[in-house]
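Peer 1: See start_31.cif below, with mmCIF, C-alpha atoms.
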```
data_model
loop_
_atom_site.label_atom_id
_atom_site.label_comp_id
_atom_site.auth_asym_id
_atom_site.auth_seq_id
_atom_site.Cartn_x
_atom_site.Cartn_y
_atom_site.Cartn_z
CA MET A 1 143.85 74.13 -90.84
CA THR A 2 144.40 77.59 -89.44
CA ASP A 3 146.66 78.09 -86.53
CA HIS A 4 145.33 78.39 -83.09
CA THR A 5 146.90 81.28 -81.27
CA GLY A 6 145.88 80.31 -77.79
CA MET A 7 147.03 77.49 -75.56
CA VAL A 8 146.88 73.96 -76.83
CA TYR A 9 146.75 70.70 -74.95
CA VAL A 10 149.04 67.97 -76.27
CA TYR A 11 147.98 64.31 -76.17
CA GLY A 12 150.88 62.70 -77.91
CA VAL A 13 153.14 62.53 -80.90
CA VAL A 14 152.33 60.54 -84.00
CA ALA A 15 153.73 59.70 -87.37
CA ALA A 16 151.00 61.74 -88.92
CA GLU A 17 150.73 60.11 -92.29
CA GLY A 18 147.69 58.01 -92.88
CA SER A 19 144.62 58.32 -90.74
CA GLY A 20 143.51 61.70 -89.55
CA PRO A 21 143.09 62.76 -85.94
CA PRO A 22 140.80 60.70 -83.72
CA LYS A 23 137.13 61.54 -83.61
CA ALA A 24 137.04 61.31 -79.85
CA GLU A 25 136.38 64.63 -78.18
CA GLY A 26 139.34 66.28 -76.57
CA ILE A 27 139.50 68.13 -73.31
CA GLU A 28 136.56 70.49 -72.78
CA ALA A 29 134.94 68.78 -75.76
CA ALA A 30 137.31 70.49 -78.18
CA PRO A 31 138.03 68.65 -81.43
CA VAL A 32 141.40 66.98 -81.74
CA ARG A 33 143.74 68.26 -84.44
CA LEU A 34 147.11 67.38 -85.89
CA VAL A 35 149.88 69.93 -85.78
CA GLY A 36 153.21 69.40 -87.48
CA ARG A 37 154.62 67.69 -90.50
CA PRO A 38 153.22 64.66 -92.28
CA ASP A 39 155.83 62.37 -90.78
CA LEU A 40 155.98 63.86 -87.31
CA GLY A 41 153.01 65.54 -85.75
CA ALA A 42 151.29 66.13 -82.45
CA LEU A 43 147.70 65.47 -81.49
CA VAL A 44 146.39 68.60 -79.84
CA SER A 45 143.21 70.43 -79.00
CA ASP A 46 142.53 74.08 -78.23
CA LEU A 47 142.40 74.98 -74.61
CA ASP A 48 140.51 78.10 -73.73
CA ALA A 49 139.87 77.59 -70.06
CA ASP A 50 142.48 78.30 -67.41
CA ALA A 51 140.94 75.83 -65.06
CA LEU A 52 139.95 72.31 -65.87
CA SER A 53 138.30 69.52 -64.04
CA ALA A 54 141.06 66.97 -63.80
CA PRO A 55 138.84 63.89 -63.73
CA LYS A 56 137.10 64.86 -66.96
CA ALA A 57 140.33 65.96 -68.56
CA VAL A 58 142.08 62.71 -67.70
CA ARG A 59 139.25 60.78 -69.24
CA ALA A 60 139.43 62.81 -72.45
CA HIS A 61 143.19 62.38 -72.59
CA TRP A 62 142.78 58.65 -72.24
CA ARG A 63 140.03 58.35 -74.86
CA VAL A 64 141.96 60.30 -77.45
CA LEU A 65 145.07 58.18 -76.99
CA GLU A 66 143.16 54.92 -76.99
CA GLU A 67 141.48 55.77 -80.23
CA ALA A 68 144.56 57.20 -81.89
CA SER A 69 146.63 54.17 -81.05
CA ALA A 70 144.12 51.73 -82.46
CA ASN A 71 145.39 52.36 -85.97
CA ALA A 72 148.62 54.31 -85.66
CA THR A 73 151.74 54.50 -83.57
CA VAL A 74 151.41 57.08 -80.84
CA VAL A 75 153.95 58.31 -78.35
CA PRO A 76 151.73 59.31 -75.43
CA ALA A 77 152.41 62.53 -73.58
CA ARG A 78 152.09 62.55 -69.85
CA PHE A 79 148.80 64.00 -68.74
CA GLY A 80 148.93 67.76 -68.48
CA MET A 81 151.18 68.96 -71.30
CA VAL A 82 150.02 72.39 -72.37
CA LEU A 83 151.88 74.61 -74.79
CA ALA A 84 151.48 78.27 -75.66
CA ASP A 85 150.14 77.77 -79.16
CA ASP A 86 150.47 75.74 -82.35
CA ASP A 87 153.76 77.37 -83.11
CA ALA A 88 155.20 76.23 -79.81
CA VAL A 89 154.09 72.70 -80.60
CA ARG A 90 155.91 72.82 -83.92
CA THR A 91 159.11 74.32 -82.60
CA GLU A 92 159.54 73.56 -78.91
CA LEU A 93 158.10 70.10 -78.97
CA LEU A 94 158.57 68.70 -82.47
CA GLU A 95 161.51 70.47 -84.05
CA VAL A 96 163.78 70.67 -81.05
CA ASN A 97 163.16 67.06 -80.17
CA GLU A 98 162.87 65.56 -83.60
CA PRO A 99 165.66 62.98 -83.24
CA ALA A 100 164.39 61.66 -79.92
CA LEU A 101 160.77 61.59 -81.03
CA ALA A 102 161.51 59.95 -84.35
CA ALA A 103 163.53 57.29 -82.56
CA LEU A 104 160.70 56.66 -80.11
CA LEU A 105 158.15 56.42 -82.88
CA GLN A 106 160.29 53.89 -84.64
CA GLU A 107 160.90 51.90 -81.48
CA LEU A 108 157.21 51.79 -80.60
CA ALA A 109 155.91 51.17 -84.12
CA GLY A 110 153.64 48.16 -84.27
CA LYS A 111 153.86 47.49 -80.55
CA VAL A 112 151.32 47.67 -77.77
CA GLN A 113 151.38 47.76 -74.02
CA LEU A 114 150.07 44.82 -72.02
CA THR A 115 149.80 45.05 -68.28
CA VAL A 116 149.94 42.17 -65.84
CA LYS A 117 149.08 42.84 -62.22
CA GLY A 118 148.97 40.36 -59.40
CA GLU A 119 146.95 40.68 -56.22
CA TYR A 120 147.39 38.42 -53.22
CA ASP A 121 144.55 36.66 -51.55
CA GLU A 122 145.17 38.50 -48.32
CA ASP A 123 143.92 35.99 -45.80
CA ALA A 124 145.67 33.09 -47.45
CA MET A 125 148.88 35.05 -47.61
CA LEU A 126 148.70 36.18 -44.00
CA ARG A 127 147.97 32.67 -42.82
CA GLU A 128 151.04 31.48 -44.65
CA VAL A 129 153.12 34.27 -43.10
CA VAL A 130 151.99 33.34 -39.60
CA ARG A 131 152.63 29.69 -40.26
CA THR A 132 156.11 30.14 -41.63
CA THR A 133 157.41 32.96 -39.47
CA PRO A 134 157.82 32.02 -35.82
CA ALA A 135 158.49 35.60 -34.76
CA VAL A 136 155.17 36.70 -36.20
CA ALA A 137 153.29 33.84 -34.59
CA ALA A 138 154.89 34.54 -31.20
CA LEU A 139 154.26 38.25 -31.23
CA ASN A 140 150.74 37.71 -32.41
CA ALA A 141 150.07 35.32 -29.56
CA ARG A 142 151.44 37.81 -27.03
CA ILE A 143 149.31 40.63 -28.38
CA SER A 144 146.18 38.56 -28.27
CA SER A 145 146.59 38.09 -24.54
CA VAL A 146 146.62 41.77 -23.61
CA PRO A 147 144.15 44.62 -24.10
CA ALA A 148 144.41 46.26 -27.48
CA ASP A 149 145.67 49.67 -26.30
CA ALA A 150 148.33 48.12 -24.13
CA ALA A 151 149.98 46.52 -27.09
CA TYR A 152 150.12 49.46 -29.46
CA TYR A 153 153.84 49.31 -30.17
CA ASP A 154 153.80 45.56 -30.31
CA ARG A 155 151.09 45.73 -32.89
CA ILE A 156 153.15 48.10 -34.99
CA ARG A 157 156.09 45.76 -34.67
CA LEU A 158 153.93 42.82 -35.64
CA GLY A 159 152.64 44.64 -38.68
CA GLU A 160 156.16 45.60 -39.62
CA LEU A 161 157.31 42.00 -39.45
CA VAL A 162 154.37 40.96 -41.57
CA ALA A 163 155.10 43.71 -44.07
CA GLU A 164 158.68 42.49 -44.37
CA GLU A 165 157.50 38.99 -45.09
CA VAL A 166 155.02 40.26 -47.64
CA GLU A 167 157.77 42.24 -49.33
CA ARG A 168 159.94 39.14 -49.48
CA ARG A 169 157.16 37.24 -51.21
CA ARG A 170 156.50 40.15 -53.50
CA LEU A 171 160.07 40.15 -54.72
CA ALA A 172 160.08 36.42 -55.33
CA ASP A 173 156.76 36.50 -57.13
CA THR A 174 157.80 39.47 -59.25
CA ASP A 175 160.92 37.60 -60.27
CA GLN A 176 158.89 34.61 -61.27
CA ALA A 177 156.55 36.75 -63.35
CA LEU A 178 159.46 38.46 -65.05
CA ARG A 179 161.14 35.14 -65.75
CA LEU A 180 158.08 33.85 -67.54
CA LEU A 181 157.00 36.99 -69.34
CA THR A 182 160.06 38.98 -70.39
CA PRO A 183 161.21 36.40 -72.93
CA VAL A 184 158.07 37.08 -74.95
CA ALA A 185 158.19 40.87 -74.65
CA VAL A 186 160.39 43.54 -76.16
CA GLU A 187 160.66 45.55 -73.00
CA VAL A 188 159.30 45.59 -69.47
CA SER A 189 158.53 48.39 -67.07
CA GLU A 190 158.03 47.58 -63.44
CA GLN A 191 155.63 49.85 -61.58
CA GLU A 192 155.78 50.22 -57.87
CA VAL A 193 152.85 48.43 -56.33
CA ARG A 194 150.13 50.62 -54.88
CA THR A 195 148.39 48.55 -52.33
CA ALA A 196 149.51 46.48 -49.38
CA THR A 197 148.26 43.30 -50.98
CA ALA A 198 149.50 43.84 -54.52
CA ALA A 199 152.08 41.33 -55.68
CA PHE A 200 153.35 43.04 -58.80
CA ASP A 201 152.45 45.56 -61.43
CA LEU A 202 154.24 45.00 -64.72
CA ALA A 203 153.87 46.63 -68.09
CA PHE A 204 155.21 44.95 -71.19
CA LEU A 205 155.87 46.23 -74.66
CA VAL A 206 154.78 43.54 -77.08
CA PRO A 207 154.56 43.47 -80.88
CA ARG A 208 150.97 43.39 -82.04
CA ASP A 209 151.52 40.02 -83.65
CA GLY A 210 153.14 38.73 -80.49
CA VAL A 211 150.12 39.20 -78.25
CA GLU A 212 149.04 35.61 -78.62
CA ALA A 213 152.40 34.24 -77.59
CA PHE A 214 152.44 36.64 -74.66
CA THR A 215 148.99 35.51 -73.59
CA LYS A 216 150.26 31.96 -73.53
CA ALA A 217 153.02 33.00 -71.17
CA VAL A 218 150.53 34.80 -68.94
CA ARG A 219 148.54 31.60 -68.80
CA ALA A 220 151.63 29.75 -67.67
CA LEU A 221 152.18 32.35 -64.96
CA ASP A 222 148.57 32.04 -63.89
CA GLU A 223 148.97 28.32 -63.50
CA ALA A 224 152.23 28.77 -61.62
CA VAL A 225 150.83 31.17 -59.03
CA GLY A 226 147.59 29.25 -58.57
CA ASP A 227 145.12 30.65 -56.09
CA ARG A 228 147.73 32.58 -54.17
CA ILE A 229 147.67 35.43 -56.64
CA ALA A 230 144.81 36.71 -58.76
CA LEU A 231 146.06 38.07 -62.05
CA SER A 232 144.69 40.98 -63.96
CA TYR A 233 145.79 40.94 -67.59
CA VAL A 234 144.89 44.08 -69.47
CA GLY A 235 145.44 45.57 -72.91
CA PRO A 236 146.36 46.24 -75.59
CA ALA A 237 146.89 49.88 -74.64
CA PRO A 238 149.01 52.70 -76.02
CA PRO A 239 152.63 52.31 -74.90
CA TYR A 240 152.32 54.77 -72.01
CA SER A 241 155.03 53.19 -69.92
CA PHE A 242 157.55 53.14 -72.72
CA ALA A 243 157.21 56.69 -73.95
CA GLU A 244 160.25 57.93 -72.15
CA ALA A 245 162.68 60.43 -73.56
CA ASN A 246 164.63 63.37 -72.34
CA LEU A 247 163.05 66.14 -74.25
CA ASP A 248 164.34 69.66 -74.44
CA GLN A 249 162.20 72.62 -74.67
CA GLY A 250 164.29 75.01 -76.69
CA SER A 251 163.87 78.64 -75.83
CA PRO A 252 160.25 79.46 -75.33
CA ALA A 253 159.23 82.35 -77.47
CA TRP A 254 156.34 83.08 -75.19
CA ALA A 255 158.25 83.31 -71.95
CA MET B 256 141.15 46.54 -54.25
CA ALA B 257 143.04 48.39 -56.84
CA VAL B 258 142.50 46.27 -59.85
CA ALA B 259 139.52 44.38 -61.01
CA THR B 260 140.86 40.90 -61.15
CA GLN B 261 139.66 38.44 -63.64
CA PRO B 262 137.63 35.54 -62.48
CA ARG B 263 139.84 32.62 -61.91
CA GLY B 264 139.90 30.49 -64.95
CA TYR B 265 141.40 30.10 -68.33
CA ILE B 266 143.14 33.25 -69.52
CA ASP B 267 142.11 33.55 -73.10
CA ARG B 268 143.05 37.09 -74.00
CA PRO B 269 143.80 40.37 -72.29
CA ARG B 270 140.84 42.30 -70.96
CA PRO B 271 140.38 45.64 -72.74
CA SER B 272 141.79 48.35 -70.54
CA GLY B 273 139.55 50.84 -68.81
CA LEU B 274 140.67 54.21 -67.58
CA ALA B 275 141.07 52.82 -64.09
CA ASP B 276 143.63 50.36 -65.39
CA VAL B 277 145.88 52.99 -66.87
CA ILE B 278 145.26 56.08 -64.76
CA GLU B 279 148.52 55.58 -62.91
CA VAL B 280 150.66 55.47 -66.02
CA ILE B 281 148.80 58.35 -67.61
CA LEU B 282 149.77 60.52 -64.66
CA ASP B 283 153.23 59.08 -64.27
CA LYS B 284 154.60 58.11 -67.65
CA GLY B 285 154.70 59.51 -71.14
CA ILE B 286 156.79 62.21 -72.71
CA VAL B 287 157.18 65.49 -70.90
CA ILE B 288 158.79 68.74 -71.76
CA ASP B 289 159.85 70.64 -68.79
CA ALA B 290 158.29 74.01 -68.64
CA PHE B 291 154.81 74.11 -69.91
CA VAL B 292 152.13 76.58 -69.16
CA ARG B 293 150.51 75.69 -65.92
CA VAL B 294 146.83 75.40 -66.26
CA SER B 295 145.06 74.99 -63.03
CA LEU B 296 143.55 71.56 -62.96
CA ILE B 297 140.86 71.19 -60.40
CA GLY B 298 141.20 67.89 -58.69
CA ILE B 299 144.67 67.08 -59.92
CA GLU B 300 145.97 66.95 -56.35
CA ILE B 301 143.56 64.17 -55.65
CA LEU B 302 144.76 62.28 -58.63
CA THR B 303 148.45 62.73 -58.06
CA ILE B 304 148.83 62.92 -54.32
CA ASP B 305 146.32 60.33 -53.40
CA ALA B 306 148.10 58.31 -55.94
CA ARG B 307 150.71 57.11 -53.55
CA ILE B 308 150.20 54.90 -50.65
CA VAL B 309 152.63 54.26 -47.93
CA ILE B 310 153.19 50.59 -47.72
CA ALA B 311 155.95 51.04 -45.20
CA SER B 312 153.77 53.04 -42.85
CA VAL B 313 152.32 52.73 -39.41
CA ASP B 314 148.87 52.64 -40.95
CA THR B 315 149.76 49.66 -43.02
CA TYR B 316 151.50 47.94 -40.12
CA LEU B 317 148.51 48.36 -37.86
CA ARG B 318 146.23 47.09 -40.52
CA PHE B 319 148.39 44.02 -41.10
CA ALA B 320 148.53 43.43 -37.36
CA GLU B 321 144.79 43.64 -37.13
CA ALA B 322 144.34 41.31 -40.06
CA VAL B 323 146.70 38.76 -38.58
CA ASN B 324 144.97 39.06 -35.26
CA ARG B 325 141.65 38.44 -36.84
CA LEU B 326 142.98 35.26 -38.38
CA ASP B 327 144.24 34.38 -34.96
CA ILE B 328 140.86 34.38 -33.31
CA VAL B 329 139.89 31.28 -35.16
CA GLN B 330 143.35 29.96 -35.40
CA ASN B 331 144.78 29.75 -31.94
CA SER B 332 143.06 26.52 -31.10
CA ASP B 333 145.79 24.82 -33.02
CA SER B 334 148.59 26.57 -34.77
CA GLU B 335 149.35 23.97 -37.35
CA GLY B 336 147.15 22.47 -39.99
CA LEU B 337 144.52 25.13 -39.93
CA PRO B 338 141.13 23.58 -39.60
CA ASP B 339 138.81 23.93 -42.50
CA LEU B 340 136.45 26.15 -40.65
CA VAL B 341 139.11 28.83 -40.62
CA GLY B 342 138.76 29.16 -44.31
CA SER B 343 135.06 29.54 -44.29
CA MET B 344 134.99 31.94 -41.38
CA THR B 345 137.66 34.29 -42.58
CA GLU B 346 136.57 34.20 -46.15
CA SER B 347 133.54 36.21 -45.36
CA GLY B 348 135.14 38.63 -43.00
CA ALA B 349 138.19 40.29 -44.19
CA LYS B 350 138.29 41.79 -47.58
CA SER B 351 139.34 45.25 -46.65
CA LYS B 352 142.28 46.57 -48.53
CA VAL B 353 144.40 49.57 -48.08
CA LYS B 354 143.14 52.16 -50.38
CA GLY B 355 145.59 53.25 -52.97
CA LEU B 356 145.93 55.38 -55.99
CA ALA B 357 143.56 53.68 -58.21
CA GLU B 358 140.86 53.93 -55.63
CA GLY B 359 141.50 57.55 -54.87
CA ALA B 360 141.68 58.31 -58.51
CA LYS B 361 138.59 56.33 -59.25
CA ASP B 362 136.74 58.17 -56.55
CA ALA B 363 137.85 61.38 -58.09
CA LEU B 364 136.87 60.21 -61.51
CA GLY B 365 133.45 59.27 -60.42
CA SER B 366 132.25 55.75 -60.65
CA GLY B 367 131.11 55.82 -64.23
CA ASP B 368 133.98 53.83 -65.51
CA ASP B 369 134.00 50.47 -67.11
CA ASP B 370 135.31 47.91 -64.78
CA ASP B 371 135.54 49.18 -61.28
CA SER B 372 132.86 46.95 -60.02
CA ASP B 373 134.74 46.39 -56.81
CA SER B 374 133.31 48.99 -54.57
CA ASP B 375 134.00 47.20 -51.36
CA SER B 376 135.97 50.05 -49.94
CA ASP B 377 134.87 49.98 -46.36
CA ASP B 378 138.26 51.03 -45.23
CA SER B 379 138.66 54.69 -45.64
CA GLU B 380 140.53 54.79 -42.36
CA SER B 381 143.61 53.64 -44.10
CA LYS B 382 143.72 56.14 -46.87
CA SER B 383 147.34 56.98 -46.55
CA ARG B 384 148.77 59.58 -48.75
CA SER B 385 152.40 60.13 -49.18
CA ARG B 386 155.23 58.45 -50.84
CA ARG B 387 156.14 54.97 -49.98
CA ARG B 388 159.30 53.05 -49.72
CA SER B 389 162.50 54.11 -48.19
CA SER B 390 164.56 51.27 -49.48
CA SER B 391 165.72 50.87 -53.04
CA SER B 392 164.98 53.58 -55.49
CA SER B 393 164.64 57.02 -54.08
CA GLY B 394 162.84 59.89 -55.63
CA GLY B 395 161.03 58.43 -58.54
CA SER B 396 157.47 57.49 -58.07
CA SER B 397 158.06 54.28 -59.84
CA ARG B 398 161.12 52.30 -60.39
CA SER B 399 161.07 51.19 -63.86
CA ARG B 400 163.44 48.63 -65.08
CA SER B 401 163.47 48.73 -68.73
CA ARG B 402 165.32 46.11 -70.56
CA SER B 403 165.50 46.27 -74.24
CA ARG B 404 165.76 42.83 -75.59
CA SER B 405 165.60 43.42 -79.26
CA SER B 406 165.03 46.50 -81.20
CA SER B 407 163.44 45.28 -84.34
CA SER B 408 160.30 47.03 -85.25
#
```
Show me the file's structure as structure tokens.
Peer 2:
Amino acid sequence: MTDHTGMVYVYGVVAAEGSGPPKAEGIEAAPVRLVGRPDLGALVSDLDADALSAPKAVRAHWRVLEEASANATVVPARFGMVLADDDAVRTELLEVNEPALAALLQELAGKVQLTVKGEYDEDAMLREVVRTTPAVAALNARISSVPADAAYYDRIRLGELVAEEVERRRLADTDQALRLLTPVAVEVSEQEVRTATAAFDLAFLVPRDGVEAFTKAVRALDEAVGDRIALSYVGPAPPYSFAEANLDQGSPAWA
Amino acid sequence: MAVATQPRGYIDRPRPSGLADVIEVILDKGIVIDAFVRVSLIGIEILTIDARIVIASVDTYLRFAEAVNRLDIVQNSDSEGLPDLVGSMTESGAKSKVKGLAEGAKDALGSGDDDDSDSDSDDSESKSRSRRRSSSSSGGSSRSRSRSRSSSS
């Protein structure tokens, strides 16, 4: 394939032998190509625009990686990696970082990412907090007896107390989830929770042939948390959360 | 709510992931090389900045206070052994959730995606955007504890 001399968008790094690039359309509907050597390549597509619509681009990024990882090991790039041209991909990304990338590819080979998130039933949780925390119950009672605007700072304080209690539960529940699930995973990555009622957000690296055993453990967790926490169990996905490496950039020829 | 939760019941297998499930890690994780050409991405601010919610924030505190207060209306007849009617009354009322990354991102992505059937976001008042958490890890947008347990492949 002839070299592209304009900017290229990079989706991820693959051990290129075997199946060709994914059929999924890349960003701006550009076809996805492989750049690099047979044993270490990058999935890229040409990028001619200088402005992109992020929502569409994110979707394309995701589709390409999903498809590519269905039958090969892929080290996902973070969304938004753009290099000057094919040559930059070969040198600045692949050559300079060959040891780190090869090690990652080996580490991730045959493994998938499974994500387990927990979400509290808010009302049930808050009722429990009120019941078990006298300070919350007392402050709540006081606030209820005065007009809303009069108790502004008390309400903030009340919410703060509640938030502390929620955080305490979050930590305990996260520990429980980790206790049950890490023994059947190779690695775990804990994401910060994103909503006030989220209990935990955990990504696990699991061998493809270990998914069943992992599912069993998720089931055990589900039984343990009961109705307090609704679980979302998602995957298998490309190992996004485990594609971490300190990559150098070499000296950019285009700078 | 940020994630589409599975109906309560037997967990048989993982649910195939939709974009909404992985948007956070796509923006946050994965290999990076430092200086790359900056292409202007329209809407990326929405995806990245909206991505954070402040859990330790006044917004969140006020919302918690309000939620607790709402429980209280039916509750203060008797503080222990909540009567059954509490359950049925509050069940219907209070499903608002603080809107976080996934929501913001999903809004930005349009609603075409797979599994975001939960469009009960009647709570745009609490769309906080800035980084959360003063305690524990500073700086990073996510603390990630990675433990390698075995390295066979």
Peer 1: Between atom CA of Leu180 of chain A and atom CA of Ile229 of chain A, what is the distance, to one decimal in Å?
Peer 2: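 About the pair atom CA of Leu180 of chain A and atom CA of Ile229 of chain A: they are 15.2 Å apart.
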Peer 1: Assuming the chain letters and numbering stay as they are in my file, what does the PyMOL selection byres ((chain A) within 7 of (chain B)) actually select? List them as a PyMOL selection string.
Peer 2: chain A and resi 50-55+59+62+76-79+81-84+106-107+109-110+126+140+155-156+158-160+162-163+186-192+194-196+215+219+230-237+240-241+243-245+247-249
Peer 1: Check the smallest atom-to-atom distance from each of A:Val58, A:Ala141, A:Glu66, A:Asp48 to Pro21 of chain A using only C-alpha atoms, then report the winner.
Peer 2: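 Using only C-alpha atoms, the shortest distance to Pro21 of chain A belongs to A:Glu66.
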Peer 1: When the PyMOL selection byres ((chain A and resi 27-33) around 7) is applied to the structure above, which residues does it catch, written out as a ChimeraX atom specification?
Peer 2: /A:21-22,25-26,34-35,43-46,57,60-61
Peer 1: Enumerate, as a PyMOL selection string, the protein, DNA and RNA residues whose atoms approach (142.3, 79.3, -79.8) to within 7 Å, taking into account all atoms listed in the file and the coordinate frame of the file.
Peer 2: chain A and resi 4-7+46-48
Peer 1: Quick check, in Å to one decimal: how far apart do atom CA of Lys56 of chain A and atom CA of Asn71 of chain A lie?
Peer 2: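 These atoms are spaced 24.2 Å apart.
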Peer 1: Kindly give the distance, in Å, that separates atom CA of Gly80 of chain A and atom CA of Arg208 of chain A, rounded to a single decimal.
Peer 2: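 Atom CA of Arg208 of chain A lies at a distance of 28.0 Å from atom CA of Gly80 of chain A.
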Peer 1: Please evaluate the PyMOL selection byres ((chain A and resi 112) around 10) against the displayed coordinates and give the resulting residues as a list in words.
Peer 2: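 With the PyMOL selection byres ((chain A and resi 112) around 10) on this model, the match is Ser69, Ala70, Thr73, Val74, Leu108, Ala109, Gly110, Lys111, Gln113, Leu114, Thr115, Phe204, Leu205, Val206, Pro207, Arg208, Asp209, Gly210, Val211, Gly235, Pro236, Ala237, Pro238, Pro239, Tyr240 and Phe242 of chain A.
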Peer 1: If you take every atom of segment 142-156 of chain A that the file lists and fit an axis-aligned box around them with 8 Å extra on each side, what centre and edge lengths come out in Å to one decimal, as lines of an AutoDock Vina configuration file?
Peer 2:
```
center_x = 149.0
center_y = 43.7
center_z = -29.3
size_x = 25.7
size_y = 27.9
size_z = 27.4
```
Peer 1: Write segment 115-126 of chain A as a PDB file, in the frame of the given file, completed to N, CA, C and O atoms.
Peer 2:
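Listed below is the output, result11.pdb:
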```pdb
ATOM      1  N   THR A 115     149.503  44.903 -69.701  1.00  0.00           N
ATOM      2  CA  THR A 115     149.800  45.050 -68.280  1.00  0.00           C
ATOM      3  C   THR A 115     149.369  43.807 -67.513  1.00  0.00           C
ATOM      4  O   THR A 115     148.274  43.299 -67.717  1.00  0.00           O
ATOM      5  N   VAL A 116     150.246  43.339 -66.665  1.00  0.00           N
ATOM      6  CA  VAL A 116     149.940  42.170 -65.840  1.00  0.00           C
ATOM      7  C   VAL A 116     150.108  42.568 -64.380  1.00  0.00           C
ATOM      8  O   VAL A 116     151.201  42.926 -63.949  1.00  0.00           O
ATOM      9  N   LYS A 117     149.012  42.528 -63.641  1.00  0.00           N
ATOM     10  CA  LYS A 117     149.080  42.840 -62.220  1.00  0.00           C
ATOM     11  C   LYS A 117     148.697  41.608 -61.416  1.00  0.00           C
ATOM     12  O   LYS A 117     147.854  40.826 -61.845  1.00  0.00           O
ATOM     13  N   GLY A 118     149.305  41.473 -60.272  1.00  0.00           N
ATOM     14  CA  GLY A 118     148.970  40.360 -59.400  1.00  0.00           C
ATOM     15  C   GLY A 118     148.511  40.886 -58.050  1.00  0.00           C
ATOM     16  O   GLY A 118     149.058  41.861 -57.540  1.00  0.00           O
ATOM     17  N   GLU A 119     147.495  40.266 -57.508  1.00  0.00           N
ATOM     18  CA  GLU A 119     146.950  40.680 -56.220  1.00  0.00           C
ATOM     19  C   GLU A 119     146.865  39.448 -55.314  1.00  0.00           C
ATOM     20  O   GLU A 119     146.297  38.431 -55.709  1.00  0.00           O
ATOM     21  N   TYR A 120     147.436  39.558 -54.141  1.00  0.00           N
ATOM     22  CA  TYR A 120     147.390  38.420 -53.220  1.00  0.00           C
ATOM     23  C   TYR A 120     146.005  38.208 -52.647  1.00  0.00           C
ATOM     24  O   TYR A 120     145.278  39.164 -52.401  1.00  0.00           O
ATOM     25  N   ASP A 121     145.682  36.972 -52.412  1.00  0.00           N
ATOM     26  CA  ASP A 121     144.550  36.660 -51.550  1.00  0.00           C
ATOM     27  C   ASP A 121     145.054  36.926 -50.143  1.00  0.00           C
ATOM     28  O   ASP A 121     145.894  36.195 -49.621  1.00  0.00           O
ATOM     29  N   GLU A 122     144.562  38.005 -49.542  1.00  0.00           N
ATOM     30  CA  GLU A 122     145.170  38.500 -48.320  1.00  0.00           C
ATOM     31  C   GLU A 122     145.154  37.483 -47.179  1.00  0.00           C
ATOM     32  O   GLU A 122     146.165  37.230 -46.539  1.00  0.00           O
ATOM     33  N   ASP A 123     144.003  36.910 -46.937  1.00  0.00           N
ATOM     34  CA  ASP A 123     143.920  35.990 -45.800  1.00  0.00           C
ATOM     35  C   ASP A 123     144.832  34.783 -45.987  1.00  0.00           C
ATOM     36  O   ASP A 123     145.521  34.368 -45.057  1.00  0.00           O
ATOM     37  N   ALA A 124     144.818  34.258 -47.191  1.00  0.00           N
ATOM     38  CA  ALA A 124     145.670  33.090 -47.450  1.00  0.00           C
ATOM     39  C   ALA A 124     147.131  33.459 -47.255  1.00  0.00           C
ATOM     40  O   ALA A 124     147.903  32.708 -46.649  1.00  0.00           O
ATOM     41  N   MET A 125     147.490  34.635 -47.732  1.00  0.00           N
ATOM     42  CA  MET A 125     148.880  35.050 -47.610  1.00  0.00           C
ATOM     43  C   MET A 125     149.255  35.250 -46.151  1.00  0.00           C
ATOM     44  O   MET A 125     150.313  34.814 -45.697  1.00  0.00           O
ATOM     45  N   LEU A 126     148.374  35.917 -45.402  1.00  0.00           N
ATOM     46  CA  LEU A 126     148.700  36.180 -44.000  1.00  0.00           C
ATOM     47  C   LEU A 126     148.777  34.880 -43.203  1.00  0.00           C
ATOM     48  O   LEU A 126     149.622  34.730 -42.326  1.00  0.00           O
TER      49      LEU A 126
END
```
